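*Asks:* coords15.cif is reproduced in full below (mmCIF, C-alpha atoms).
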```
data_model
loop_
_atom_site.group_PDB
_atom_site.id
_atom_site.type_symbol
_atom_site.label_atom_id
_atom_site.label_comp_id
_atom_site.auth_asym_id
_atom_site.auth_seq_id
_atom_site.Cartn_x
_atom_site.Cartn_y
_atom_site.Cartn_z
ATOM 1 C CA MET A 1 -241.340 -91.915 -84.331
ATOM 2 C CA GLY A 2 -240.582 -88.175 -84.231
ATOM 3 C CA PHE A 3 -241.933 -87.278 -87.679
ATOM 4 C CA VAL A 4 -244.589 -84.877 -86.405
ATOM 5 C CA GLU A 5 -245.033 -82.646 -83.409
ATOM 6 C CA ARG A 6 -248.149 -81.436 -81.683
ATOM 7 C CA THR A 7 -249.226 -77.828 -82.228
ATOM 8 C CA TRP A 8 -252.186 -75.854 -80.964
ATOM 9 C CA GLY A 9 -255.120 -77.587 -82.627
ATOM 10 C CA GLY A 10 -253.104 -79.885 -84.864
ATOM 11 C CA VAL A 11 -249.772 -81.347 -85.859
ATOM 12 C CA GLN A 12 -246.916 -80.306 -88.112
ATOM 13 C CA LEU A 13 -243.998 -82.108 -89.690
ATOM 14 C CA HIS A 14 -241.100 -82.216 -87.287
ATOM 15 C CA ARG A 15 -238.627 -81.357 -90.085
ATOM 16 C CA GLU A 16 -239.817 -77.735 -89.931
ATOM 17 C CA VAL A 17 -237.013 -76.625 -87.671
ATOM 18 C CA ASP A 18 -234.336 -73.968 -87.969
ATOM 19 C CA ASP A 19 -230.698 -74.926 -88.161
ATOM 20 C CA PRO A 20 -228.814 -74.945 -84.864
ATOM 21 C CA PHE A 21 -227.517 -71.516 -83.803
ATOM 22 C CA GLN A 22 -223.843 -72.170 -84.580
ATOM 23 C CA GLU A 23 -224.645 -73.457 -88.092
ATOM 24 C CA ALA A 24 -226.954 -70.546 -88.863
ATOM 25 C CA LEU A 25 -224.571 -67.894 -87.509
ATOM 26 C CA ALA A 26 -222.265 -67.926 -90.540
ATOM 27 C CA ARG A 27 -224.971 -68.381 -93.181
ATOM 28 C CA ARG A 28 -225.683 -65.024 -94.861
ATOM 29 C CA GLY A 29 -223.263 -63.528 -92.326
ATOM 30 C CA ALA A 30 -222.522 -60.400 -94.374
ATOM 31 C CA GLY A 31 -226.225 -59.618 -94.777
ATOM 32 C CA LYS A 32 -226.970 -60.296 -91.133
ATOM 33 C CA GLN A 33 -224.029 -58.094 -90.158
ATOM 34 C CA ARG A 34 -225.477 -55.192 -92.227
ATOM 35 C CA ILE A 35 -228.911 -55.757 -90.672
ATOM 36 C CA GLY A 36 -227.354 -55.876 -87.193
ATOM 37 C CA GLY A 37 -225.461 -52.644 -87.835
ATOM 38 C CA ALA A 38 -228.563 -50.839 -89.087
ATOM 39 C CA ALA A 39 -230.560 -52.025 -86.071
ATOM 40 C CA ALA A 40 -227.822 -51.138 -83.571
ATOM 41 C CA ALA A 41 -227.658 -47.619 -85.018
ATOM 42 C CA LEU A 42 -231.260 -47.111 -83.830
ATOM 43 C CA ILE A 43 -230.351 -47.757 -80.181
ATOM 44 C CA PRO A 44 -229.783 -44.516 -78.278
ATOM 45 C CA ASP A 45 -227.730 -44.262 -75.119
ATOM 46 C CA GLY A 46 -229.809 -45.060 -72.071
ATOM 47 C CA ALA A 47 -232.364 -47.202 -73.918
ATOM 48 C CA THR A 48 -233.886 -50.449 -72.698
ATOM 49 C CA VAL A 49 -233.750 -52.996 -75.521
ATOM 50 C CA ILE A 50 -235.089 -56.520 -76.005
ATOM 51 C CA LEU A 51 -232.999 -58.714 -78.301
ATOM 52 C CA ASP A 52 -234.754 -61.846 -79.507
ATOM 53 C CA ILE A 53 -232.960 -65.159 -79.856
ATOM 54 C CA GLY A 54 -231.437 -66.086 -83.184
ATOM 55 C CA THR A 55 -228.446 -65.154 -85.240
ATOM 56 C CA THR A 56 -229.670 -61.912 -86.787
ATOM 57 C CA ALA A 57 -230.542 -60.483 -83.366
ATOM 58 C CA HIS A 58 -227.117 -61.645 -82.194
ATOM 59 C CA TYR A 59 -225.560 -59.484 -84.917
ATOM 60 C CA VAL A 60 -227.352 -56.490 -83.349
ATOM 61 C CA ALA A 61 -225.507 -57.199 -80.093
ATOM 62 C CA LEU A 62 -222.215 -57.528 -81.970
ATOM 63 C CA ALA A 63 -222.738 -54.079 -83.533
ATOM 64 C CA MET A 64 -223.967 -52.249 -80.427
ATOM 65 C CA GLU A 65 -222.068 -49.092 -79.565
ATOM 66 C CA ALA A 66 -224.675 -47.440 -77.327
ATOM 67 C CA LYS A 67 -223.654 -46.915 -73.724
ATOM 68 C CA ASN A 68 -225.668 -47.246 -70.548
ATOM 69 C CA VAL A 69 -228.248 -49.466 -72.204
ATOM 70 C CA THR A 70 -230.216 -52.252 -70.599
ATOM 71 C CA VAL A 71 -230.606 -55.365 -72.733
ATOM 72 C CA LEU A 72 -233.119 -58.125 -72.064
ATOM 73 C CA THR A 73 -232.471 -61.388 -73.895
ATOM 74 C CA ALA A 74 -233.029 -65.122 -73.666
ATOM 75 C CA SER A 75 -230.065 -65.770 -75.990
ATOM 76 C CA LEU A 76 -226.992 -67.167 -74.255
ATOM 77 C CA PRO A 77 -224.553 -66.148 -77.068
ATOM 78 C CA THR A 78 -225.909 -62.586 -76.950
ATOM 79 C CA PHE A 79 -225.621 -62.549 -73.163
ATOM 80 C CA GLU A 80 -222.045 -63.864 -73.321
ATOM 81 C CA HIS A 81 -220.989 -61.277 -75.917
ATOM 82 C CA LEU A 82 -222.503 -58.338 -74.037
ATOM 83 C CA ARG A 83 -221.108 -59.605 -70.740
ATOM 84 C CA ALA A 84 -217.588 -59.825 -72.161
ATOM 85 C CA ALA A 85 -217.870 -56.457 -73.944
ATOM 86 C CA ARG A 86 -219.263 -54.788 -70.815
ATOM 87 C CA LYS A 87 -221.484 -52.644 -73.022
ATOM 88 C CA ALA A 88 -224.788 -53.144 -71.278
ATOM 89 C CA ASP A 89 -226.689 -53.885 -68.118
ATOM 90 C CA ILE A 90 -228.030 -57.328 -69.019
ATOM 91 C CA ILE A 91 -231.180 -59.093 -67.927
ATOM 92 C CA LEU A 92 -231.029 -62.755 -68.919
ATOM 93 C CA LEU A 93 -234.529 -64.164 -69.351
ATOM 94 C CA GLY A 94 -234.557 -67.737 -68.070
ATOM 95 C CA GLY A 95 -236.755 -70.646 -68.997
ATOM 96 C CA ARG A 96 -236.385 -74.068 -70.573
ATOM 97 C CA TRP A 97 -232.931 -74.472 -72.153
ATOM 98 C CA SER A 98 -232.698 -75.176 -75.915
ATOM 99 C CA GLU A 99 -229.283 -76.550 -76.830
ATOM 100 C CA ASP A 100 -229.855 -76.231 -80.594
ATOM 101 C CA TYR A 101 -230.933 -72.581 -80.437
ATOM 102 C CA GLN A 102 -228.625 -71.678 -77.524
ATOM 103 C CA CYS A 103 -231.437 -69.923 -75.699
ATOM 104 C CA PHE A 104 -234.023 -70.118 -72.974
ATOM 105 C CA THR A 105 -237.618 -70.505 -74.067
ATOM 106 C CA GLY A 106 -241.108 -71.208 -72.811
ATOM 107 C CA VAL A 107 -243.693 -69.722 -70.504
ATOM 108 C CA GLN A 108 -241.055 -68.527 -68.031
ATOM 109 C CA VAL A 109 -239.569 -66.178 -70.656
ATOM 110 C CA ARG A 110 -243.029 -65.030 -71.710
ATOM 111 C CA ASP A 111 -244.077 -64.401 -68.097
ATOM 112 C CA ALA A 112 -240.870 -62.474 -67.320
ATOM 113 C CA LEU A 113 -241.464 -60.237 -70.337
ATOM 114 C CA ALA A 114 -244.983 -59.464 -69.095
ATOM 115 C CA ARG A 115 -243.375 -57.538 -66.214
ATOM 116 C CA GLN A 116 -240.975 -55.520 -68.396
ATOM 117 C CA GLN A 117 -241.160 -52.405 -70.547
ATOM 118 C CA ALA A 118 -238.548 -51.676 -73.214
ATOM 119 C CA ASP A 119 -238.006 -48.758 -75.554
ATOM 120 C CA LEU A 120 -236.978 -50.955 -78.482
ATOM 121 C CA ALA A 121 -237.202 -54.592 -79.497
ATOM 122 C CA PHE A 122 -235.563 -56.480 -82.325
ATOM 123 C CA ILE A 123 -237.438 -59.655 -83.246
ATOM 124 C CA GLY A 124 -236.213 -62.445 -85.497
ATOM 125 C CA CYS A 125 -238.269 -64.849 -87.568
ATOM 126 C CA SER A 126 -238.073 -67.902 -89.797
ATOM 127 C CA GLY A 127 -239.824 -66.131 -92.629
ATOM 128 C CA VAL A 128 -242.347 -63.594 -93.847
ATOM 129 C CA ALA A 129 -245.110 -64.788 -96.163
ATOM 130 C CA ASP A 130 -246.208 -62.605 -99.091
ATOM 131 C CA SER A 131 -249.467 -62.105 -97.165
ATOM 132 C CA GLY A 132 -247.527 -60.379 -94.384
ATOM 133 C CA ARG A 133 -247.741 -63.206 -91.851
ATOM 134 C CA VAL A 134 -244.556 -63.541 -89.854
ATOM 135 C CA ARG A 135 -243.496 -67.186 -89.838
ATOM 136 C CA ASP A 136 -241.662 -69.190 -87.200
ATOM 137 C CA ASN A 137 -240.736 -72.846 -86.862
ATOM 138 C CA SER A 138 -241.120 -72.976 -83.103
ATOM 139 C CA TYR A 139 -244.561 -72.900 -81.556
ATOM 140 C CA SER A 140 -243.115 -71.989 -78.157
ATOM 141 C CA GLN A 141 -241.235 -69.052 -79.654
ATOM 142 C CA THR A 142 -244.412 -67.535 -81.120
ATOM 143 C CA ASP A 143 -245.657 -66.783 -77.593
ATOM 144 C CA VAL A 144 -242.273 -65.302 -76.696
ATOM 145 C CA LYS A 145 -242.275 -63.095 -79.819
ATOM 146 C CA ARG A 146 -245.776 -61.809 -78.979
ATOM 147 C CA ALA A 147 -244.564 -61.069 -75.446
ATOM 148 C CA ILE A 148 -241.530 -59.207 -76.793
ATOM 149 C CA ARG A 149 -243.809 -57.079 -78.965
ATOM 150 C CA ALA A 150 -246.174 -56.378 -76.062
ATOM 151 C CA ALA A 151 -243.288 -55.375 -73.777
ATOM 152 C CA SER A 152 -241.777 -52.864 -76.204
ATOM 153 C CA THR A 153 -242.745 -49.367 -77.269
ATOM 154 C CA THR A 154 -241.164 -49.789 -80.715
ATOM 155 C CA ALA A 155 -240.391 -53.122 -82.378
ATOM 156 C CA TYR A 156 -238.511 -54.026 -85.536
ATOM 157 C CA LEU A 157 -238.568 -57.325 -87.392
ATOM 158 C CA LEU A 158 -235.142 -58.577 -88.484
ATOM 159 C CA ALA A 159 -235.236 -60.644 -91.677
ATOM 160 C CA ASP A 160 -232.483 -61.371 -94.177
ATOM 161 C CA ALA A 161 -233.350 -61.926 -97.843
ATOM 162 C CA ASP A 162 -233.706 -65.699 -97.371
ATOM 163 C CA LYS A 163 -236.632 -65.085 -94.996
ATOM 164 C CA PHE A 164 -238.917 -63.977 -97.839
ATOM 165 C CA PRO A 165 -240.989 -66.147 -97.803
ATOM 166 C CA GLY A 166 -238.865 -68.331 -95.530
ATOM 167 C CA MET A 167 -240.558 -71.181 -93.733
ATOM 168 C CA GLY A 168 -242.477 -71.981 -90.607
ATOM 169 C CA GLY A 169 -245.957 -73.174 -89.809
ATOM 170 C CA ASN A 170 -246.442 -70.943 -86.765
ATOM 171 C CA SER A 171 -247.100 -67.213 -86.729
ATOM 172 C CA PRO A 172 -246.810 -64.789 -83.833
ATOM 173 C CA PHE A 173 -248.344 -61.840 -85.733
ATOM 174 C CA ASP A 174 -248.561 -59.996 -89.058
ATOM 175 C CA VAL A 175 -245.903 -57.503 -90.138
ATOM 176 C CA ASP A 176 -248.275 -54.631 -89.372
ATOM 177 C CA ALA A 177 -247.780 -55.465 -85.668
ATOM 178 C CA VAL A 178 -244.197 -54.171 -85.866
ATOM 179 C CA ASP A 179 -242.986 -50.643 -86.520
ATOM 180 C CA GLY A 180 -240.568 -51.615 -89.276
ATOM 181 C CA ILE A 181 -238.602 -54.341 -90.999
ATOM 182 C CA ILE A 182 -234.829 -54.250 -91.181
ATOM 183 C CA THR A 183 -233.700 -56.402 -94.094
ATOM 184 C CA ASP A 184 -231.164 -56.790 -96.856
ATOM 185 C CA ALA A 185 -233.824 -57.990 -99.319
ATOM 186 C CA ASP A 186 -233.925 -56.052 -102.583
ATOM 187 C CA HIS A 187 -237.705 -55.942 -102.778
ATOM 188 C CA LEU A 188 -240.635 -56.992 -100.627
ATOM 189 C CA ALA A 189 -244.165 -58.029 -101.502
ATOM 190 C CA PRO A 190 -246.628 -55.157 -100.973
#
```
Show me this structure written as structure tokens.
*Replies:*
Amino acid sequence: MGFVERTWGGVQLHREVDDPFQEALARRGAGKQRIGGAAAALIPDGATVILDIGTTAHYVALAMEAKNVTVLTASLPTFEHLRAARKADIILLGGRWSEDYQCFTGVQVRDALARQQADLAFIGCSGVADSGRVRDNSYSQTDVKRAIRAASTTAYLLADADKFPGMGGNSPFDVDAVDGIITDADHLAP
């Protein structure tokens, strides 16, 4: 009946899903734009960067001014923006298409990332629990997020104020697995 979905070792309510990309893009747009600008300012010329799927990572692409960068992404909107702006050498990570999230996902993305090495990565999430567990609604994206972290020298978590604690029954890692959090939240749990 579609009320639950299978997860590793169990089930979860199917309603635990992020809003489609286009709906989420405008929500908290000003905060995501500030986060994107702060993240983009960390990208030096010549860097190799992984941009996760999702709207906050897309705002990083919108703010990018660095030249001669290589960007790896599975996000079609991010690819399309960078392609039109001609600001980067782009590697589009292919896999199973997700219409709602406007991205490619699955083992193909994870496997492609296993053969890459990036200077920086910017990873989105559905939430961050007070315990420090990064939360995500998509089980398949947790593997991709772990692969992004493994393929990058330095990784930042992107999380607007609504992501504390956010939602999501899956977790790719704890916040101590990343090098920093870029957020517009006024205060974070210790």
*Asks:* Any chance you could work out the residue set of the PyMOL selection byres ((chain A and resi 106-116) around 10) here, as a ChimeraX atom specification?
*Replies:* /A:48,50,72-74,92-98,104-105,117-118,139-152
*Asks:* Which residues, written as a PyMOL selection string, have at least one atom at most 10 Å from Glu65 of chain A, with all atoms listed in the file counted and residues fewer than 3 positions away on the same chain left out?
*Replies:* chain A and resi 37+40-41+43-45+60-62+68-69+87-88
*Asks:* Nearest to Glu99 of chain A among A:Ala159, A:Leu76, A:Ala66, A:Ala121, with distances taken over only C-alpha atoms: which residue is it?
*Replies:* A:Leu76
*Asks:* State, in Å with one decimal place, the distance from atom CA of Ala185 of chain A to atom CA of Phe173 of chain A.
*Replies:*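 Separating atom CA of Ala185 of chain A from atom CA of Phe173 of chain A is a distance of 20.3 Å.
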*Asks:* Atom CA of Met64 of chain A and atom CA of Ile182 of chain A, how far apart in Å?
*Replies:* 15.4 Å
*Asks:* Rank A:Ala129, A:Val4, A:Ala84, A:Ala39 by their smallest atom-to-atom distance to Ile181 of chain A, using only C-alpha atoms, and report the top residue only.
*Replies:*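 Selected residue with least distance to Ile181 of chain A: A:Ala39.
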*Asks:* Since the input has fewer atoms than a full residue there, write segment 29-59 of chain A out with N, CA and C atoms, as a PDB file, in the coordinates of the input.
*Replies:*
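Saved to rebuild24.pdb:
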```pdb
ATOM      1  N   GLY A  29    -223.900 -64.345 -93.360  1.00  0.00           N
ATOM      2  CA  GLY A  29    -223.263 -63.528 -92.326  1.00  0.00           C
ATOM      3  C   GLY A  29    -223.103 -62.075 -92.711  1.00  0.00           C
ATOM      4  N   ALA A  30    -222.710 -61.792 -93.959  1.00  0.00           N
ATOM      5  CA  ALA A  30    -222.522 -60.400 -94.374  1.00  0.00           C
ATOM      6  C   ALA A  30    -223.844 -59.638 -94.341  1.00  0.00           C
ATOM      7  N   GLY A  31    -224.911 -60.267 -94.808  1.00  0.00           N
ATOM      8  CA  GLY A  31    -226.225 -59.618 -94.777  1.00  0.00           C
ATOM      9  C   GLY A  31    -226.719 -59.404 -93.361  1.00  0.00           C
ATOM     10  N   LYS A  32    -226.552 -60.418 -92.529  1.00  0.00           N
ATOM     11  CA  LYS A  32    -226.970 -60.296 -91.133  1.00  0.00           C
ATOM     12  C   LYS A  32    -226.141 -59.238 -90.409  1.00  0.00           C
ATOM     13  N   GLN A  33    -224.883 -59.114 -90.766  1.00  0.00           N
ATOM     14  CA  GLN A  33    -224.029 -58.094 -90.158  1.00  0.00           C
ATOM     15  C   GLN A  33    -224.532 -56.691 -90.537  1.00  0.00           C
ATOM     16  N   ARG A  34    -224.924 -56.493 -91.807  1.00  0.00           N
ATOM     17  CA  ARG A  34    -225.477 -55.192 -92.227  1.00  0.00           C
ATOM     18  C   ARG A  34    -226.798 -54.908 -91.500  1.00  0.00           C
ATOM     19  N   ILE A  35    -227.640 -55.920 -91.380  1.00  0.00           N
ATOM     20  CA  ILE A  35    -228.911 -55.757 -90.672  1.00  0.00           C
ATOM     21  C   ILE A  35    -228.631 -55.411 -89.215  1.00  0.00           C
ATOM     22  N   GLY A  36    -227.716 -56.137 -88.589  1.00  0.00           N
ATOM     23  CA  GLY A  36    -227.354 -55.876 -87.193  1.00  0.00           C
ATOM     24  C   GLY A  36    -226.827 -54.468 -86.997  1.00  0.00           C
ATOM     25  N   GLY A  37    -225.992 -54.001 -87.920  1.00  0.00           N
ATOM     26  CA  GLY A  37    -225.461 -52.644 -87.835  1.00  0.00           C
ATOM     27  C   GLY A  37    -226.543 -51.589 -87.964  1.00  0.00           C
ATOM     28  N   ALA A  38    -227.462 -51.791 -88.900  1.00  0.00           N
ATOM     29  CA  ALA A  38    -228.563 -50.839 -89.087  1.00  0.00           C
ATOM     30  C   ALA A  38    -229.460 -50.809 -87.851  1.00  0.00           C
ATOM     31  N   ALA A  39    -229.724 -51.970 -87.274  1.00  0.00           N
ATOM     32  CA  ALA A  39    -230.560 -52.025 -86.071  1.00  0.00           C
ATOM     33  C   ALA A  39    -229.852 -51.372 -84.894  1.00  0.00           C
ATOM     34  N   ALA A  40    -228.574 -51.692 -84.701  1.00  0.00           N
ATOM     35  CA  ALA A  40    -227.822 -51.138 -83.571  1.00  0.00           C
ATOM     36  C   ALA A  40    -227.741 -49.616 -83.649  1.00  0.00           C
ATOM     37  N   ALA A  41    -227.714 -49.076 -84.854  1.00  0.00           N
ATOM     38  CA  ALA A  41    -227.658 -47.619 -85.018  1.00  0.00           C
ATOM     39  C   ALA A  41    -228.919 -46.934 -84.501  1.00  0.00           C
ATOM     40  N   LEU A  42    -230.000 -47.674 -84.342  1.00  0.00           N
ATOM     41  CA  LEU A  42    -231.260 -47.111 -83.830  1.00  0.00           C
ATOM     42  C   LEU A  42    -231.310 -47.069 -82.307  1.00  0.00           C
ATOM     43  N   ILE A  43    -230.328 -47.653 -81.641  1.00  0.00           N
ATOM     44  CA  ILE A  43    -230.351 -47.757 -80.181  1.00  0.00           C
ATOM     45  C   ILE A  43    -229.656 -46.546 -79.569  1.00  0.00           C
ATOM     46  N   PRO A  44    -230.418 -45.675 -78.912  1.00  0.00           N
ATOM     47  CA  PRO A  44    -229.783 -44.516 -78.278  1.00  0.00           C
ATOM     48  C   PRO A  44    -229.200 -44.880 -76.914  1.00  0.00           C
ATOM     49  N   ASP A  45    -228.259 -44.080 -76.463  1.00  0.00           N
ATOM     50  CA  ASP A  45    -227.730 -44.262 -75.119  1.00  0.00           C
ATOM     51  C   ASP A  45    -228.880 -44.201 -74.124  1.00  0.00           C
ATOM     52  N   GLY A  46    -228.816 -45.053 -73.132  1.00  0.00           N
ATOM     53  CA  GLY A  46    -229.809 -45.060 -72.071  1.00  0.00           C
ATOM     54  C   GLY A  46    -231.059 -45.864 -72.361  1.00  0.00           C
ATOM     55  N   ALA A  47    -231.154 -46.464 -73.542  1.00  0.00           N
ATOM     56  CA  ALA A  47    -232.364 -47.202 -73.918  1.00  0.00           C
ATOM     57  C   ALA A  47    -232.432 -48.557 -73.218  1.00  0.00           C
ATOM     58  N   THR A  48    -233.644 -49.069 -73.102  1.00  0.00           N
ATOM     59  CA  THR A  48    -233.886 -50.449 -72.698  1.00  0.00           C
ATOM     60  C   THR A  48    -234.304 -51.193 -73.958  1.00  0.00           C
ATOM     61  N   VAL A  49    -233.604 -52.297 -74.243  1.00  0.00           N
ATOM     62  CA  VAL A  49    -233.750 -52.996 -75.521  1.00  0.00           C
ATOM     63  C   VAL A  49    -233.983 -54.477 -75.262  1.00  0.00           C
ATOM     64  N   ILE A  50    -234.906 -55.073 -76.021  1.00  0.00           N
ATOM     65  CA  ILE A  50    -235.089 -56.520 -76.005  1.00  0.00           C
ATOM     66  C   ILE A  50    -234.497 -57.068 -77.293  1.00  0.00           C
ATOM     67  N   LEU A  51    -233.563 -58.011 -77.154  1.00  0.00           N
ATOM     68  CA  LEU A  51    -232.999 -58.714 -78.301  1.00  0.00           C
ATOM     69  C   LEU A  51    -233.514 -60.142 -78.292  1.00  0.00           C
ATOM     70  N   ASP A  52    -234.216 -60.504 -79.345  1.00  0.00           N
ATOM     71  CA  ASP A  52    -234.754 -61.846 -79.507  1.00  0.00           C
ATOM     72  C   ASP A  52    -233.607 -62.848 -79.626  1.00  0.00           C
ATOM     73  N   ILE A  53    -233.956 -64.119 -79.608  1.00  0.00           N
ATOM     74  CA  ILE A  53    -232.960 -65.159 -79.856  1.00  0.00           C
ATOM     75  C   ILE A  53    -232.672 -65.156 -81.354  1.00  0.00           C
ATOM     76  N   GLY A  54    -231.721 -65.935 -81.765  1.00  0.00           N
ATOM     77  CA  GLY A  54    -231.437 -66.086 -83.184  1.00  0.00           C
ATOM     78  C   GLY A  54    -230.203 -65.314 -83.611  1.00  0.00           C
ATOM     79  N   THR A  55    -229.720 -65.686 -84.779  1.00  0.00           N
ATOM     80  CA  THR A  55    -228.446 -65.154 -85.240  1.00  0.00           C
ATOM     81  C   THR A  55    -228.521 -63.710 -85.690  1.00  0.00           C
ATOM     82  N   THR A  56    -229.600 -63.294 -86.324  1.00  0.00           N
ATOM     83  CA  THR A  56    -229.670 -61.912 -86.787  1.00  0.00           C
ATOM     84  C   THR A  56    -229.747 -60.962 -85.601  1.00  0.00           C
ATOM     85  N   ALA A  57    -230.508 -61.303 -84.580  1.00  0.00           N
ATOM     86  CA  ALA A  57    -230.542 -60.483 -83.366  1.00  0.00           C
ATOM     87  C   ALA A  57    -229.180 -60.481 -82.680  1.00  0.00           C
ATOM     88  N   HIS A  58    -228.464 -61.593 -82.771  1.00  0.00           N
ATOM     89  CA  HIS A  58    -227.117 -61.645 -82.194  1.00  0.00           C
ATOM     90  C   HIS A  58    -226.193 -60.641 -82.888  1.00  0.00           C
ATOM     91  N   TYR A  59    -226.364 -60.470 -84.195  1.00  0.00           N
ATOM     92  CA  TYR A  59    -225.560 -59.484 -84.917  1.00  0.00           C
ATOM     93  C   TYR A  59    -225.861 -58.058 -84.451  1.00  0.00           C
TER      94      TYR A  59
END
```
